[in-house]
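Step one of this worksheet: look at the structure below.
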Amino acid sequence: MAAHPAARPPGEALANAVAELTAEVAELREDRVRRRLLDLASGVLVQQLGLTPADAADHLVELALSTGLSAEDLAADVINSAAGTPVVENHTEARRIRRSVATVLVSDTAAEAAASLLQGGLRRLGAQALYLWRRTATDCLELVGHAGAAPQEVVHWQWVPPETPLHQVVWAAESWWGADPRLPGGGAGLEGEPLRAVMPLRRHGAVVGVALAVWPGASGPGGVDEAVRRTAELLCEPCGVLVQDPDAAVRSRGPGPEAPLLDLFDRPAVLTDEEGRIEYANPAARTALDSTVPAPVGRSAAEVFPHAWAGLAAALDRVGPQFLGRVADLEDVRVLPLGRGRAVLMWATRPEDADVLARALGQLERVAFFREDLLTGSVVWSDEAYTLFGLPPGTPPVPLARVGTRLHPDDVPVLQELLAALVDRHTGAWAPVRLVRADGGVRHVRIAAEPLLTGDALTGVTGVYQDVSAQHHTELALSASADRLSAARTDALVREHLVLRLQQAISPSLRQASGLEVAVRYRPAVEDHRVGGDWYEVQELSDGRVLLAVGDVAGHGIEAASAMVGLRHALRGLAVTSADPGRLMSWLNEVTLATPDHPTATAVVAEYDPAEHLLRWATAGHLPLLLIRDGRARFLEGPQNILLGALPGGEYAESEVSLAPGDTLLLFTDGFVERRHVGLDQSLAVLRRTAEALVAVDPEGQADALLSAVTGDTDDDTSLVVVRVPGETAFEEEAPLGEEAPFGGDLPVN
């Protein structure tokens, strides 16, 4: 029976209250971010579609439901599209960046914004420290927010007089990137010479402060790419709203001079101020608290240590060092008062917390926890163990060595083997046994146990009893269901085979068009889906131009394949109008909006004019084309347009580039390169290097080699088109390709 709330210990009541309030604040903050995104997106729709604010909000929700996106993701897409060319092509990353910007905008203080900005955005770009300064009336810079900074640098850079490298950015009103040891960042525990980015913060067009982000060891050759620079500037841009307001820009005094000493301790240690807030946490403390309180500095100590606060509060007010031992979920607690209400709190971390483990296991059905101290002979059971053994609560627990008296006789040797593993070999083990209860019932139980060692000596045993009796009934049910599952699997294979034949039937087999050498490939998705929404098109038009296209409809299976068929046939029909790629893409957007189930899709449509050796193309949220010339490969990036099916009346800007004899062009879908744990830039770099190594291979051989060497792991299907311009000599007037770059390079894209 649960204890009455009034009977709960004060520490537990405080911990529960703090946990509930913390969760409520987090939910409110997430809701503020969500509302910010939706309000901005609704404003865009009001301006673009001439709707009322209420109709715009309803339209946004309806559009999210029809596209299968969340309202926040769609709002981020709408805002990014209205803002112009995004800093990254990947839609997921672009949405994450937009949410990070919204998080900064709803922050109450500059200090809070700095922590959110580093944790939610800049750290993903490789940055490890961030400083925010406010420009004062006397042109000094006052530090109002920081994250990841060393405490001694926070104190040193609290006030910055004019005529410093930071002020050069204020006067020029332009970002500066470089390695300048006169700037902060070198003392933040970073290895190598840091790269610093100093960015102006504006409010109503005026520079009201500066932001400094630090990248460790990135000032050497290559540094960070242009996409990272533009993303960092976009993330820091809204901070100008906070640093201009002296009330919102809460002054950060920085920790006291004792803070650097805490870094010398291996054990977790925090510094508390006179108001009971965490003034500084050393690296060990930040690591220990990361799973519960990722940013402890600035929070109330009662919030950071809710279970232990009742036992810590009185100790912090006493005079002289104190050893408190264990306090709630903290071990080996020590308190060192510093006077004027400030104190150092230290504790020890444990490799595991048996009490917490027992509470967690207690939440699982049919799992009972036990722990034995062999030195004292004490045995502890969780409540579930009494139920499993059929014993009333309060009965002395049975030691593991004596459990054999309650087992089926045939299972006693199995238990003896488990005990031998614990006692003789000091290794963990498990054993399935039949437990015979006093009421005559038999339970099938799995015993899993681990030794507790002090040095090389066995001092205890801990583990679980798991009731697996229900598994016998489950195995019978599974056996009876096997035939039905086999039949369903057969039906699924037939369905997948039909869809795959549909994909093959509509895929063109054209190998030449207006002299171009062409190779096309399609690779299905994983076994569960087989066919998705990827498609490609190569078509020779009546005026001698060649239409090249690839696309990707979101989803898998018959629905995605049907939408893909509709888009591809629509493009083939629309191409006879001789319209430019941008116009064709606008029509495809309307076709997608009119398609049942309202799918969304990415695509690239290109037209090659062999008479002028000119390639023109337009994209809709798709990956860039890859051009290989003279053994060098570069990505062609043009204007970033919104994906198909997102908004009515979409306009799609075009790009163009001259092609030379011997040039090879790759068009592909994202399933070709995307990997779960690898950045998109890195995956595209692998494709570029692989393509450069295959310049001497014909398009057919190159397509086969690329499919073997470049493999995505996102379980998505893949379309690939390889096109080569006949000949071996480049145009004399064409400028040579520039130095290596992740996207675009120095290609003459117009």
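Going through the structure tokens in order, the chains are called A, B, and so on, while each chain numbers its residues from 1 and the ligands are numbered from 1 in the order shown.
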Quiz item: Can you tell me, as a VMD selection string, what residues are no more than 8 Å from segment 311-317 of chain A when counting only C-alpha atoms, ignoring any on the same chain fewer than 3 positions away?
Solution: chain A and resid 11 308 322 327 to 328 335 to 337 341 to 343
Self-check item: Which of segment 584-691 of chain A fall in strand (DSSP E or B), as a PyMOL selection string
Solution: chain A and resi 601-609+614-620+625-629+632-636+644+655-658+664-668+675+678
Self-check item: Nearby residues (only C-alpha atoms) at most 8 Å from Pro639 of chain A, same-chain spacing under 2 positions excluded, as a PyMOL selection string
Solution: chain A and resi 85+618-619+637+641+653-655
Please produce a file of the residues just selected, as a short mmCIF file (atom, residue, chain, number, x, y, z; two decimals), in the first residue's frame, where the atoms kept are C-alpha atoms.
data_model
loop_
_atom_site.label_atom_id
_atom_site.label_comp_id
_atom_site.auth_asym_id
_atom_site.auth_seq_id
_atom_site.Cartn_x
_atom_site.Cartn_y
_atom_site.Cartn_z
CA THR A 85 18.79 29.53 -49.48
CA ALA A 618 16.21 22.68 -61.02
CA THR A 619 15.96 20.83 -57.69
CA GLU A 637 24.72 23.09 -56.11
CA ASN A 641 13.84 24.98 -53.53
CA ALA A 653 14.83 28.52 -59.60
CA GLU A 654 17.22 27.04 -62.16
CA SER A 655 20.99 26.68 -62.53
#
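Here atom CA of Thr231 of chain A stands at a distance of 24.8 Å from atom CA of Leu647 of chain A.
Contact shell of Tyr386 of chain A at 12 Å (only C-alpha atoms; same-chain neighbours under 2 positions omitted): Arg366, Val367, Ala368, Phe369, Phe370, Val380, Trp381, Ser382, Asp383, Glu384, Leu388, Phe389, Gly390, Leu391, Pro392, Pro393, Gly394, Thr395, Pro396, Pro397, Val398, Arg437 and Tyr465 of chain A.
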Take the selection from the previous step and output its residues with C-alpha atoms, as a compact mmCIF listing (two decimals), in the first residue's frame.
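Once written, out39.txt looks like this:
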# COMPACT_ATOMS: atom_id res chain seq x y z
CA ARG A 366 7.86 -11.26 -12.87
CA VAL A 367 11.40 -10.00 -12.03
CA ALA A 368 12.63 -10.12 -8.40
CA PHE A 369 15.89 -8.65 -7.09
CA PHE A 370 18.13 -10.19 -4.44
CA VAL A 380 17.75 -8.68 0.88
CA TRP A 381 14.80 -9.52 -1.37
CA SER A 382 12.53 -7.24 -3.33
CA ASP A 383 8.79 -7.63 -2.68
CA GLU A 384 8.37 -9.62 -5.91
CA LEU A 388 7.48 -15.74 -6.53
CA PHE A 389 8.48 -18.13 -3.70
CA GLY A 390 4.96 -18.10 -2.24
CA LEU A 391 6.16 -16.74 1.11
CA PRO A 392 4.42 -14.06 3.20
CA PRO A 393 6.20 -10.67 3.45
CA GLY A 394 8.46 -10.51 6.50
CA THR A 395 9.58 -14.15 6.21
CA PRO A 396 13.40 -14.41 6.39
CA PRO A 397 14.72 -14.45 2.79
CA VAL A 398 16.29 -17.71 1.58
CA ARG A 437 6.24 -23.74 -3.82
CA TYR A 465 14.86 -14.28 -10.14
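For segment 545-557 of chain A, the non-local neighbours within 6 Å, defined as residues at least 3 positions apart in the same chain or in other chains and counting only C-alpha atoms, are A:His529, A:Val531, A:Gly532, A:Gly533, A:Asp534, A:Trp535, A:Tyr536, A:Glu537, A:Val538, A:Gln539, A:Glu540, A:Leu541, A:Ala560, A:Thr600, A:Ala601, A:Thr602, A:Ala603, A:Val604, A:Val605, A:Ala606, A:Glu607, A:Tyr608, A:Asp609.
Note that atom CA of Met585 of chain A and atom CA of Thr711 of chain A are 28.4 Å apart.
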Quiz prompt | Residue among A:Ala149, A:Glu163, A:Thr595, A:His426 lying closest to Glu559 of chain A, counting only C-alpha atoms | solution = A:Thr595
Practice problem: List every residue of segment 668-710 of chain A that DSSP, applied to the backbone of this structure, assigns to helix (DSSP H, G or I), and report them as JSON, numbers by chain. | Solution: {"A": [670, 671, 672, 680, 681, 682, 683, 684, 685, 686, 687, 688, 689, 690, 691, 692, 699, 700, 701, 702, 703, 704, 705, 706, 707, 708, 709]}
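Each of A:Gln119, A:Ser708, A:Ser586, A:Ser107 was checked against Tyr652 of chain A using only C-alpha atoms; the smallest atom-to-atom distance is that of A:Ser586.
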Quiz prompt | Close residues, Arg688 of chain A itself excluded, 12 Å, only C-alpha atoms, min 3 positions apart in chain, as a ChimeraX atom specification | solution = /A:624-629,631-636,665-666,673,681-685,691-695,706,709-710,740-744
Once you have the residues from the selection above, write them out as a compact mmCIF listing (two decimals), in the first residue's frame, restricted to N, CA, C and O atoms.
# COMPACT_ATOMS: atom_id res chain seq x y z
N PRO A 624 22.70 17.29 -54.50
CA PRO A 624 23.28 17.92 -55.69
C PRO A 624 23.72 16.89 -56.73
O PRO A 624 23.93 15.71 -56.43
N LEU A 625 23.88 17.35 -57.98
CA LEU A 625 24.45 16.52 -59.03
C LEU A 625 25.96 16.45 -58.83
O LEU A 625 26.56 17.35 -58.24
N LEU A 626 26.59 15.39 -59.34
CA LEU A 626 28.04 15.23 -59.25
C LEU A 626 28.61 15.24 -60.67
O LEU A 626 28.21 14.45 -61.51
N LEU A 627 29.57 16.16 -60.92
CA LEU A 627 30.21 16.26 -62.23
C LEU A 627 31.67 15.84 -62.10
O LEU A 627 32.39 16.33 -61.23
N ILE A 628 32.10 14.92 -62.99
CA ILE A 628 33.49 14.47 -63.01
C ILE A 628 34.12 14.98 -64.30
O ILE A 628 33.62 14.70 -65.40
N ARG A 629 35.21 15.74 -64.17
CA ARG A 629 35.89 16.32 -65.33
C ARG A 629 37.41 16.24 -65.11
O ARG A 629 37.91 16.64 -64.06
N GLY A 631 39.31 13.87 -64.36
CA GLY A 631 39.71 13.12 -63.18
C GLY A 631 39.34 13.77 -61.87
O GLY A 631 39.67 13.25 -60.81
N ARG A 632 38.66 14.91 -61.90
CA ARG A 632 38.24 15.62 -60.68
C ARG A 632 36.73 15.62 -60.59
O ARG A 632 36.04 15.81 -61.61
N ALA A 633 36.19 15.42 -59.39
CA ALA A 633 34.75 15.37 -59.18
C ALA A 633 34.32 16.51 -58.27
O ALA A 633 34.99 16.80 -57.27
N ARG A 634 33.24 17.18 -58.64
CA ARG A 634 32.69 18.27 -57.83
C ARG A 634 31.16 18.20 -57.84
O ARG A 634 30.56 17.78 -58.83
N PHE A 635 30.56 18.63 -56.73
CA PHE A 635 29.10 18.68 -56.65
C PHE A 635 28.59 20.00 -57.20
O PHE A 635 29.18 21.06 -56.95
N LEU A 636 27.49 19.93 -57.93
CA LEU A 636 26.85 21.12 -58.50
C LEU A 636 25.68 21.50 -57.61
O LEU A 636 24.70 20.77 -57.51
N LEU A 665 28.34 12.86 -65.60
CA LEU A 665 27.39 13.47 -64.67
C LEU A 665 26.65 12.36 -63.93
O LEU A 665 26.21 11.38 -64.55
N LEU A 666 26.53 12.48 -62.60
CA LEU A 666 25.80 11.52 -61.77
C LEU A 666 24.59 12.19 -61.16
O LEU A 666 24.70 13.25 -60.54
N VAL A 673 23.61 7.17 -50.70
CA VAL A 673 24.76 7.61 -49.91
C VAL A 673 24.49 7.74 -48.42
O VAL A 673 25.44 7.69 -47.62
N ASP A 681 27.99 15.10 -45.33
CA ASP A 681 29.19 15.59 -46.01
C ASP A 681 30.20 14.46 -46.19
O ASP A 681 30.82 14.31 -47.24
N GLN A 682 30.37 13.64 -45.15
CA GLN A 682 31.33 12.54 -45.22
C GLN A 682 30.89 11.49 -46.23
O GLN A 682 31.71 10.95 -46.99
N SER A 683 29.59 11.18 -46.27
CA SER A 683 29.09 10.20 -47.23
C SER A 683 29.27 10.69 -48.66
O SER A 683 29.66 9.93 -49.55
N LEU A 684 29.00 11.98 -48.88
CA LEU A 684 29.17 12.53 -50.23
C LEU A 684 30.65 12.56 -50.61
O LEU A 684 30.99 12.39 -51.79
N ALA A 685 31.52 12.77 -49.64
CA ALA A 685 32.96 12.76 -49.93
C ALA A 685 33.41 11.37 -50.39
O ALA A 685 34.26 11.24 -51.28
N ALA A 691 34.04 8.08 -57.37
CA ALA A 691 33.79 8.45 -58.75
C ALA A 691 35.07 8.89 -59.45
O ALA A 691 35.29 8.60 -60.63
N GLU A 692 35.95 9.60 -58.74
CA GLU A 692 37.21 10.03 -59.33
C GLU A 692 38.10 8.84 -59.70
O GLU A 692 38.87 8.91 -60.66
N ALA A 693 37.98 7.76 -58.94
CA ALA A 693 38.81 6.58 -59.22
C ALA A 693 38.27 5.76 -60.40
O ALA A 693 38.94 4.81 -60.84
N LEU A 694 37.07 6.11 -60.91
CA LEU A 694 36.45 5.32 -61.97
C LEU A 694 36.34 6.08 -63.28
O LEU A 694 35.50 5.75 -64.12
N VAL A 695 37.14 7.14 -63.47
CA VAL A 695 36.99 7.98 -64.66
C VAL A 695 37.29 7.21 -65.94
O VAL A 695 36.78 7.55 -67.01
N LEU A 706 29.96 1.75 -58.72
CA LEU A 706 29.48 2.69 -57.71
C LEU A 706 28.47 2.02 -56.79
O LEU A 706 28.49 2.22 -55.57
N ALA A 709 30.53 -0.09 -54.37
CA ALA A 709 31.46 0.58 -53.47
C ALA A 709 30.79 1.59 -52.56
O ALA A 709 31.23 1.82 -51.43
N VAL A 710 29.72 2.24 -53.02
CA VAL A 710 29.04 3.27 -52.24
C VAL A 710 27.70 2.69 -51.79
O VAL A 710 26.82 2.46 -52.61
N GLU A 740 39.70 21.52 -53.76
CA GLU A 740 38.69 20.61 -53.23
C GLU A 740 37.74 21.34 -52.29
O GLU A 740 38.13 22.11 -51.44
N ALA A 741 36.43 21.09 -52.48
CA ALA A 741 35.41 21.68 -51.62
C ALA A 741 34.27 20.69 -51.51
O ALA A 741 34.03 19.89 -52.41
N PRO A 742 33.55 20.67 -50.37
CA PRO A 742 32.51 19.67 -50.19
C PRO A 742 31.35 19.84 -51.16
O PRO A 742 30.75 18.87 -51.56
N PHE A 743 31.00 21.07 -51.51
CA PHE A 743 29.91 21.30 -52.44
C PHE A 743 30.30 22.41 -53.41
O PHE A 743 30.80 23.46 -53.01
N GLY A 744 30.04 22.20 -54.69
CA GLY A 744 30.16 23.27 -55.67
C GLY A 744 31.54 23.50 -56.18
O GLY A 744 31.76 23.57 -57.37
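The space separating atom CA of Leu242 of chain A from atom CA of Leu195 of chain A comes to 25.2 Å.
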